[in-house]
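Heads up, protein_1.cif below (mmCIF, N, CA and C atoms):
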```cif
data_coords
loop_
_atom_site.label_atom_id
_atom_site.label_comp_id
_atom_site.auth_asym_id
_atom_site.auth_seq_id
_atom_site.Cartn_x
_atom_site.Cartn_y
_atom_site.Cartn_z
N MET F 1 -7.00 -34.20 -20.42
CA MET F 1 -7.56 -33.36 -21.47
C MET F 1 -8.04 -34.29 -22.60
N ASN F 2 -9.28 -34.08 -23.07
CA ASN F 2 -9.80 -34.92 -24.14
C ASN F 2 -9.39 -34.39 -25.52
N ARG F 3 -9.69 -35.15 -26.54
CA ARG F 3 -9.27 -34.80 -27.91
C ARG F 3 -9.84 -33.46 -28.37
N ILE F 4 -11.10 -33.20 -28.06
CA ILE F 4 -11.72 -31.93 -28.46
C ILE F 4 -11.01 -30.77 -27.77
N SER F 5 -10.73 -30.91 -26.50
CA SER F 5 -10.02 -29.85 -25.77
C SER F 5 -8.63 -29.62 -26.34
N GLU F 6 -7.94 -30.71 -26.67
CA GLU F 6 -6.60 -30.59 -27.25
C GLU F 6 -6.66 -29.89 -28.61
N ASN F 7 -7.61 -30.28 -29.45
CA ASN F 7 -7.74 -29.64 -30.77
C ASN F 7 -8.08 -28.17 -30.65
N LEU F 8 -9.00 -27.83 -29.74
CA LEU F 8 -9.35 -26.43 -29.54
C LEU F 8 -8.15 -25.62 -29.07
N ALA F 9 -7.39 -26.16 -28.16
CA ALA F 9 -6.20 -25.46 -27.66
C ALA F 9 -5.20 -25.23 -28.79
N ARG F 10 -5.00 -26.23 -29.63
CA ARG F 10 -4.06 -26.12 -30.74
C ARG F 10 -4.53 -25.06 -31.75
N VAL F 11 -5.81 -25.09 -32.12
CA VAL F 11 -6.34 -24.12 -33.08
C VAL F 11 -6.29 -22.72 -32.50
N ASN F 12 -6.67 -22.57 -31.24
CA ASN F 12 -6.62 -21.24 -30.62
C ASN F 12 -5.21 -20.70 -30.52
N ALA F 13 -4.23 -21.56 -30.30
CA ALA F 13 -2.83 -21.13 -30.27
C ALA F 13 -2.41 -20.62 -31.65
N ARG F 14 -2.87 -21.29 -32.70
CA ARG F 14 -2.54 -20.83 -34.06
C ARG F 14 -3.20 -19.49 -34.36
N ILE F 15 -4.44 -19.32 -33.89
CA ILE F 15 -5.13 -18.04 -34.09
C ILE F 15 -4.40 -16.94 -33.31
N ASP F 16 -4.01 -17.24 -32.08
CA ASP F 16 -3.26 -16.26 -31.27
C ASP F 16 -1.99 -15.83 -31.99
N ALA F 17 -1.25 -16.80 -32.52
CA ALA F 17 0.00 -16.50 -33.22
C ALA F 17 -0.25 -15.67 -34.47
N ALA F 18 -1.30 -16.02 -35.23
CA ALA F 18 -1.62 -15.27 -36.45
C ALA F 18 -2.01 -13.83 -36.11
N CYS F 19 -2.80 -13.66 -35.06
CA CYS F 19 -3.21 -12.31 -34.65
C CYS F 19 -2.00 -11.50 -34.21
N SER F 20 -1.12 -12.12 -33.44
CA SER F 20 0.07 -11.44 -32.98
C SER F 20 0.95 -11.03 -34.16
N SER F 21 1.13 -11.93 -35.10
CA SER F 21 1.95 -11.66 -36.29
C SER F 21 1.37 -10.54 -37.14
N ALA F 22 0.04 -10.47 -37.20
CA ALA F 22 -0.63 -9.46 -38.03
C ALA F 22 -0.89 -8.16 -37.27
N GLY F 23 -0.58 -8.15 -35.97
CA GLY F 23 -0.86 -6.97 -35.17
C GLY F 23 -2.35 -6.76 -34.96
N ARG F 24 -3.07 -7.84 -34.95
CA ARG F 24 -4.53 -7.77 -34.82
C ARG F 24 -4.96 -8.16 -33.41
N ASP F 25 -5.96 -7.49 -32.90
CA ASP F 25 -6.50 -7.78 -31.58
C ASP F 25 -7.19 -9.15 -31.62
N ARG F 26 -6.79 -10.05 -30.75
CA ARG F 26 -7.34 -11.41 -30.74
C ARG F 26 -8.85 -11.41 -30.52
N SER F 27 -9.36 -10.42 -29.80
CA SER F 27 -10.81 -10.39 -29.53
C SER F 27 -11.63 -10.07 -30.78
N SER F 28 -10.96 -9.66 -31.87
CA SER F 28 -11.68 -9.38 -33.12
C SER F 28 -11.85 -10.62 -33.98
N VAL F 29 -11.32 -11.75 -33.53
CA VAL F 29 -11.38 -13.00 -34.29
C VAL F 29 -12.17 -14.03 -33.49
N ARG F 30 -13.13 -14.66 -34.16
CA ARG F 30 -13.92 -15.70 -33.51
C ARG F 30 -13.77 -17.00 -34.28
N LEU F 31 -13.64 -18.08 -33.57
CA LEU F 31 -13.55 -19.40 -34.17
C LEU F 31 -14.94 -20.02 -34.22
N LEU F 32 -15.41 -20.32 -35.42
CA LEU F 32 -16.71 -20.97 -35.61
C LEU F 32 -16.45 -22.46 -35.84
N ALA F 33 -16.86 -23.28 -34.90
CA ALA F 33 -16.65 -24.72 -35.00
C ALA F 33 -17.85 -25.36 -35.71
N ALA F 34 -17.59 -26.03 -36.81
CA ALA F 34 -18.66 -26.73 -37.51
C ALA F 34 -19.02 -27.99 -36.73
N SER F 35 -20.31 -28.14 -36.48
CA SER F 35 -20.77 -29.30 -35.70
C SER F 35 -21.27 -30.43 -36.59
N LYS F 36 -20.96 -30.35 -37.86
CA LYS F 36 -21.45 -31.29 -38.87
C LYS F 36 -21.16 -32.75 -38.51
N ARG F 37 -20.01 -33.02 -38.00
CA ARG F 37 -19.62 -34.41 -37.77
C ARG F 37 -19.67 -34.83 -36.31
N THR F 38 -20.47 -34.14 -35.54
CA THR F 38 -20.63 -34.54 -34.14
C THR F 38 -22.09 -34.41 -33.74
N ASP F 39 -22.40 -35.01 -32.63
CA ASP F 39 -23.76 -34.92 -32.11
C ASP F 39 -23.81 -33.90 -30.98
N ALA F 40 -24.94 -33.80 -30.32
CA ALA F 40 -25.10 -32.84 -29.23
C ALA F 40 -24.09 -33.08 -28.12
N ALA F 41 -23.76 -34.32 -27.87
CA ALA F 41 -22.78 -34.62 -26.81
C ALA F 41 -21.40 -34.06 -27.17
N GLY F 42 -21.03 -34.11 -28.43
CA GLY F 42 -19.76 -33.53 -28.86
C GLY F 42 -19.74 -32.02 -28.70
N VAL F 43 -20.88 -31.39 -28.99
CA VAL F 43 -20.99 -29.94 -28.80
C VAL F 43 -20.88 -29.62 -27.31
N GLU F 44 -21.52 -30.42 -26.48
CA GLU F 44 -21.44 -30.21 -25.02
C GLU F 44 -20.00 -30.34 -24.54
N THR F 45 -19.26 -31.30 -25.08
CA THR F 45 -17.87 -31.49 -24.69
C THR F 45 -17.04 -30.26 -25.07
N ALA F 46 -17.25 -29.76 -26.29
CA ALA F 46 -16.52 -28.56 -26.72
C ALA F 46 -16.91 -27.35 -25.87
N ALA F 47 -18.18 -27.25 -25.53
CA ALA F 47 -18.64 -26.14 -24.68
C ALA F 47 -17.99 -26.23 -23.30
N ALA F 48 -17.88 -27.44 -22.77
CA ALA F 48 -17.23 -27.62 -21.47
C ALA F 48 -15.76 -27.22 -21.53
N ALA F 49 -15.17 -27.31 -22.73
CA ALA F 49 -13.78 -26.91 -22.92
C ALA F 49 -13.67 -25.40 -23.16
N GLY F 50 -14.81 -24.71 -23.19
CA GLY F 50 -14.79 -23.26 -23.32
C GLY F 50 -15.18 -22.71 -24.67
N HIS F 51 -15.51 -23.57 -25.63
CA HIS F 51 -15.89 -23.09 -26.96
C HIS F 51 -17.42 -23.01 -27.07
N LEU F 52 -17.93 -21.82 -27.45
CA LEU F 52 -19.37 -21.63 -27.42
C LEU F 52 -19.97 -21.16 -28.75
N LEU F 53 -19.22 -21.19 -29.84
CA LEU F 53 -19.72 -20.74 -31.14
C LEU F 53 -19.67 -21.89 -32.14
N PHE F 54 -20.86 -22.27 -32.64
CA PHE F 54 -20.97 -23.44 -33.51
C PHE F 54 -21.74 -23.11 -34.78
N GLY F 55 -21.35 -23.75 -35.86
CA GLY F 55 -22.05 -23.63 -37.13
C GLY F 55 -22.55 -24.99 -37.55
N GLU F 56 -23.74 -25.01 -38.10
CA GLU F 56 -24.34 -26.25 -38.60
C GLU F 56 -24.80 -26.01 -40.02
N ASN F 57 -24.63 -27.00 -40.88
CA ASN F 57 -24.98 -26.82 -42.29
C ASN F 57 -26.28 -27.51 -42.69
N ARG F 58 -26.93 -28.17 -41.77
CA ARG F 58 -28.24 -28.76 -42.08
C ARG F 58 -29.26 -28.19 -41.11
N ALA F 59 -30.34 -27.66 -41.68
CA ALA F 59 -31.33 -26.93 -40.88
C ALA F 59 -31.93 -27.79 -39.77
N GLN F 60 -32.34 -29.01 -40.10
CA GLN F 60 -32.95 -29.86 -39.07
C GLN F 60 -31.94 -30.24 -37.99
N SER F 61 -30.70 -30.45 -38.38
CA SER F 61 -29.66 -30.77 -37.40
C SER F 61 -29.42 -29.60 -36.46
N LEU F 62 -29.44 -28.38 -37.00
CA LEU F 62 -29.28 -27.21 -36.15
C LEU F 62 -30.41 -27.14 -35.14
N ARG F 63 -31.63 -27.30 -35.63
CA ARG F 63 -32.79 -27.28 -34.72
C ARG F 63 -32.65 -28.32 -33.62
N ASP F 64 -32.34 -29.55 -34.02
CA ASP F 64 -32.26 -30.65 -33.06
C ASP F 64 -31.14 -30.43 -32.04
N LYS F 65 -29.96 -30.04 -32.52
CA LYS F 65 -28.84 -29.83 -31.59
C LYS F 65 -29.12 -28.64 -30.68
N ALA F 66 -29.73 -27.59 -31.21
CA ALA F 66 -30.04 -26.43 -30.38
C ALA F 66 -31.01 -26.82 -29.26
N ARG F 67 -31.89 -27.74 -29.52
CA ARG F 67 -32.83 -28.21 -28.49
C ARG F 67 -32.15 -29.09 -27.45
N GLU F 68 -31.19 -29.89 -27.90
CA GLU F 68 -30.55 -30.87 -27.02
C GLU F 68 -29.41 -30.30 -26.18
N VAL F 69 -28.65 -29.38 -26.74
CA VAL F 69 -27.48 -28.85 -26.05
C VAL F 69 -27.93 -27.89 -24.95
N ARG F 70 -27.48 -28.14 -23.74
CA ARG F 70 -27.87 -27.32 -22.59
C ARG F 70 -26.90 -26.18 -22.33
N ALA F 71 -25.70 -26.30 -22.84
CA ALA F 71 -24.71 -25.23 -22.65
C ALA F 71 -25.16 -23.98 -23.41
N PRO F 72 -24.78 -22.80 -22.94
CA PRO F 72 -25.21 -21.55 -23.57
C PRO F 72 -24.41 -21.23 -24.84
N VAL F 73 -24.60 -22.05 -25.87
CA VAL F 73 -23.84 -21.87 -27.10
C VAL F 73 -24.59 -20.97 -28.07
N GLU F 74 -23.84 -20.40 -29.01
CA GLU F 74 -24.41 -19.58 -30.08
C GLU F 74 -24.34 -20.40 -31.36
N TRP F 75 -25.45 -20.41 -32.11
CA TRP F 75 -25.54 -21.20 -33.34
C TRP F 75 -25.57 -20.30 -34.57
N HIS F 76 -24.82 -20.71 -35.59
CA HIS F 76 -24.88 -20.08 -36.91
C HIS F 76 -25.29 -21.14 -37.90
N PHE F 77 -26.04 -20.73 -38.93
CA PHE F 77 -26.35 -21.65 -40.02
C PHE F 77 -25.35 -21.37 -41.13
N ILE F 78 -24.61 -22.41 -41.58
CA ILE F 78 -23.51 -22.20 -42.51
C ILE F 78 -23.70 -22.89 -43.85
N GLY F 79 -24.79 -23.56 -44.08
CA GLY F 79 -25.00 -24.26 -45.34
C GLY F 79 -25.96 -23.54 -46.25
N HIS F 80 -26.20 -24.13 -47.40
CA HIS F 80 -27.22 -23.59 -48.30
C HIS F 80 -28.58 -23.77 -47.63
N LEU F 81 -29.34 -22.71 -47.60
CA LEU F 81 -30.63 -22.74 -46.94
C LEU F 81 -31.75 -22.65 -47.97
N GLN F 82 -32.64 -23.63 -47.93
CA GLN F 82 -33.81 -23.62 -48.80
C GLN F 82 -34.94 -22.92 -48.06
N LYS F 83 -35.81 -22.25 -48.83
CA LYS F 83 -36.92 -21.51 -48.21
C LYS F 83 -37.78 -22.40 -47.32
N ASN F 84 -38.01 -23.64 -47.74
CA ASN F 84 -38.87 -24.53 -46.94
C ASN F 84 -38.20 -25.00 -45.65
N LYS F 85 -36.94 -24.68 -45.44
CA LYS F 85 -36.22 -25.08 -44.21
C LYS F 85 -36.00 -23.92 -43.25
N VAL F 86 -36.44 -22.72 -43.65
CA VAL F 86 -36.26 -21.53 -42.81
C VAL F 86 -36.88 -21.74 -41.43
N LYS F 87 -38.01 -22.42 -41.38
CA LYS F 87 -38.71 -22.63 -40.11
C LYS F 87 -37.87 -23.36 -39.08
N TYR F 88 -36.89 -24.13 -39.52
CA TYR F 88 -36.08 -24.90 -38.59
C TYR F 88 -35.00 -24.06 -37.90
N ILE F 89 -34.59 -22.97 -38.51
CA ILE F 89 -33.46 -22.22 -37.94
C ILE F 89 -33.87 -20.96 -37.20
N VAL F 90 -35.06 -20.40 -37.54
CA VAL F 90 -35.51 -19.19 -36.86
C VAL F 90 -35.76 -19.52 -35.39
N GLY F 91 -35.18 -18.72 -34.54
CA GLY F 91 -35.29 -18.96 -33.10
C GLY F 91 -34.12 -19.78 -32.56
N CYS F 92 -33.33 -20.37 -33.46
CA CYS F 92 -32.17 -21.17 -33.04
C CYS F 92 -30.85 -20.49 -33.43
N ALA F 93 -30.79 -20.02 -34.67
CA ALA F 93 -29.55 -19.44 -35.19
C ALA F 93 -29.51 -17.93 -34.95
N SER F 94 -28.31 -17.42 -34.69
CA SER F 94 -28.14 -15.98 -34.55
C SER F 94 -27.59 -15.36 -35.82
N MET F 95 -27.11 -16.23 -36.74
CA MET F 95 -26.59 -15.73 -38.01
C MET F 95 -26.77 -16.80 -39.09
N VAL F 96 -27.04 -16.32 -40.31
CA VAL F 96 -27.08 -17.17 -41.49
C VAL F 96 -25.94 -16.72 -42.39
N HIS F 97 -25.05 -17.62 -42.74
CA HIS F 97 -23.87 -17.30 -43.54
C HIS F 97 -24.11 -17.44 -45.03
N SER F 98 -25.32 -17.78 -45.44
CA SER F 98 -25.52 -18.17 -46.83
C SER F 98 -26.78 -17.60 -47.47
N LEU F 99 -27.09 -16.36 -47.19
CA LEU F 99 -28.26 -15.74 -47.82
C LEU F 99 -27.91 -15.47 -49.28
N ASP F 100 -28.65 -16.11 -50.20
CA ASP F 100 -28.27 -16.00 -51.60
C ASP F 100 -29.39 -15.55 -52.54
N SER F 101 -30.51 -15.10 -51.98
CA SER F 101 -31.58 -14.63 -52.87
C SER F 101 -32.54 -13.72 -52.10
N LEU F 102 -33.21 -12.87 -52.84
CA LEU F 102 -34.22 -12.01 -52.25
C LEU F 102 -35.38 -12.85 -51.71
N ASP F 103 -35.74 -13.90 -52.43
CA ASP F 103 -36.82 -14.78 -51.96
C ASP F 103 -36.49 -15.38 -50.59
N LEU F 104 -35.26 -15.80 -50.41
CA LEU F 104 -34.85 -16.37 -49.13
C LEU F 104 -34.87 -15.30 -48.04
N ALA F 105 -34.43 -14.09 -48.35
CA ALA F 105 -34.46 -13.00 -47.38
C ALA F 105 -35.89 -12.71 -46.95
N GLN F 106 -36.80 -12.71 -47.90
CA GLN F 106 -38.21 -12.46 -47.58
C GLN F 106 -38.80 -13.60 -46.75
N ALA F 107 -38.43 -14.83 -47.06
CA ALA F 107 -38.90 -15.97 -46.28
C ALA F 107 -38.40 -15.89 -44.84
N LEU F 108 -37.13 -15.52 -44.67
CA LEU F 108 -36.57 -15.36 -43.32
C LEU F 108 -37.30 -14.24 -42.57
N SER F 109 -37.51 -13.13 -43.24
CA SER F 109 -38.20 -12.01 -42.60
C SER F 109 -39.61 -12.39 -42.17
N SER F 110 -40.33 -13.06 -43.05
CA SER F 110 -41.70 -13.49 -42.73
C SER F 110 -41.72 -14.46 -41.56
N ARG F 111 -40.81 -15.41 -41.56
CA ARG F 111 -40.78 -16.39 -40.49
C ARG F 111 -40.37 -15.75 -39.16
N LEU F 112 -39.44 -14.80 -39.21
CA LEU F 112 -39.07 -14.08 -37.98
C LEU F 112 -40.26 -13.32 -37.42
N GLN F 113 -41.01 -12.65 -38.28
CA GLN F 113 -42.18 -11.91 -37.83
C GLN F 113 -43.22 -12.85 -37.22
N LEU F 114 -43.48 -13.98 -37.88
CA LEU F 114 -44.43 -14.96 -37.37
C LEU F 114 -43.98 -15.49 -36.01
N HIS F 115 -42.71 -15.80 -35.89
CA HIS F 115 -42.15 -16.31 -34.65
C HIS F 115 -42.31 -15.28 -33.52
N ARG F 116 -42.04 -14.03 -33.83
CA ARG F 116 -42.17 -12.96 -32.83
C ARG F 116 -43.63 -12.80 -32.40
N GLU F 117 -44.55 -12.90 -33.34
CA GLU F 117 -45.97 -12.78 -33.01
C GLU F 117 -46.43 -13.91 -32.10
N ARG F 118 -45.89 -15.09 -32.30
CA ARG F 118 -46.29 -16.27 -31.53
C ARG F 118 -45.60 -16.39 -30.19
N THR F 119 -44.32 -16.00 -30.14
CA THR F 119 -43.55 -16.28 -28.93
C THR F 119 -43.02 -15.04 -28.23
N GLY F 120 -43.16 -13.88 -28.82
CA GLY F 120 -42.64 -12.66 -28.21
C GLY F 120 -41.32 -12.25 -28.80
N PRO F 121 -40.63 -11.37 -28.11
CA PRO F 121 -39.38 -10.80 -28.63
C PRO F 121 -38.37 -11.89 -29.01
N LEU F 122 -37.65 -11.61 -30.06
CA LEU F 122 -36.63 -12.51 -30.57
C LEU F 122 -35.48 -11.65 -31.06
N PRO F 123 -34.25 -12.02 -30.72
CA PRO F 123 -33.12 -11.22 -31.21
C PRO F 123 -33.10 -11.19 -32.74
N ASP F 124 -32.48 -10.16 -33.28
CA ASP F 124 -32.33 -10.07 -34.72
C ASP F 124 -31.52 -11.25 -35.23
N LEU F 125 -31.74 -11.58 -36.48
CA LEU F 125 -30.99 -12.63 -37.15
C LEU F 125 -30.06 -11.96 -38.13
N ASP F 126 -28.76 -12.06 -37.89
CA ASP F 126 -27.78 -11.47 -38.80
C ASP F 126 -27.61 -12.39 -40.00
N VAL F 127 -27.33 -11.79 -41.15
CA VAL F 127 -27.11 -12.59 -42.36
C VAL F 127 -25.87 -12.09 -43.10
N LEU F 128 -25.25 -13.01 -43.78
CA LEU F 128 -24.13 -12.70 -44.69
C LEU F 128 -24.61 -12.99 -46.09
N VAL F 129 -24.33 -12.07 -46.99
CA VAL F 129 -24.77 -12.24 -48.38
C VAL F 129 -23.60 -12.49 -49.27
#
```
Would you encode the structure as structure tokens?
Amino acid sequence: MNRISENLARVNARIDAACSSAGRDRSSVRLLAASKRTDAAGVETAAAAGHLLFGENRAQSLRDKAREVRAPVEWHFIGHLQKNKVKYIVGCASMVHSLDSLDLAQALSSRLQLHRERTGPLPDLDVLV
């Protein structure tokens, strides 16, 4: 077992225990692994260990890792997002955790529409405000 697998097992055991203690269904809790300090190979290793939900805090890094990682992972954007960087995450991220302005919401909406016009159907992009 490699270090990533060991760490995932340890964290998941803590989540299991917390859910059990709180009387909460474990399936209602998801672990979002920040990929900030690893490259695509590290994400692939975690995916091989069974973890498929990742967050990235830099737009270009999310784009690049989403292109490189072949495993069927789900990407979230977890950092501050500037309007001029929206183009990097649309089509890659399924959720933005940091929507902080109406201008940014409009930029995301416009870019999603443009992306759909150019490439066809695209899943909705969930946002947290």
Applied to the shown file, which residues does the PyMOL selection byres ((chain F and resi 32) around 6.5) return, written as JSON, numbers by chain?
-> {"F": [30, 31, 33, 34, 53, 54, 55]}
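Using all atoms listed in the file, the shortest contact distance between F:Gln60 and any of F:Asp16, F:Ile89, F:Pro121, F:Gly23 is found at F:Ile89.
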Name the closest residue to F:Gly42 among the candidates F:Ile4, F:Ser21, F:Glu68, F:Val73; distances are taken between atoms, counting only C-alpha atoms.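 For F:Gly42, the nearest of the candidates is F:Ile4.
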### Message
Counting all atoms listed in the file, which residue out of F:Ala71, F:Leu112, F:Ile15, F:Leu102 sits closest to F:Ala47?
### Response
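Of F:Ala71, F:Leu112, F:Ile15, F:Leu102, the one nearest F:Ala47, counting all atoms listed in the file, is F:Ala71.
Taking atom N of F:His97 and atom N of F:Arg111 as endpoints, the distance between them is 16.0 Å.
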When you count only N, CA and C atoms, which of these residues is closest to F:Leu108: F:Val69, F:Val11, F:Met95, F:Val90?
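Closest to F:Leu108 of all the choices is F:Val90.
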Worksheet entry | Residues of chain F in helix (DSSP H, G or I), written as an NGL selection string | :F and (3-22 or 26-28 or 40-48 or 59-68 or 83-89 or 102-119)
List as a PyMOL selection string the protein and nucleic acid residues near F:Leu62, meaning an atom at most 8 Å away when only N, CA and C atoms are counted, but skip any in the same chain fewer than 4 places from it. chain F and resi 55-58+66-68+75-77+88-89+92-93
- Skip F:Pro72 itself and residues of its chain fewer than 2 positions away, then list as number ranges by chain all residues within 8 Å of it, counting only C-alpha atoms. F: 52, 70, 74
Backbone-only DSSP, strand (DSSP E or B) members of chain F, as an MDAnalysis selection string = chainID F and resid 33:34 53:56 74:77 93:96 126:127
Using atom C of F:Pro123 and atom N of F:Ala107 as the two end points, give the distance in Å to one decimal.
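Value for the atom C of F:Pro123-atom N of F:Ala107 distance: 15.7 Å.
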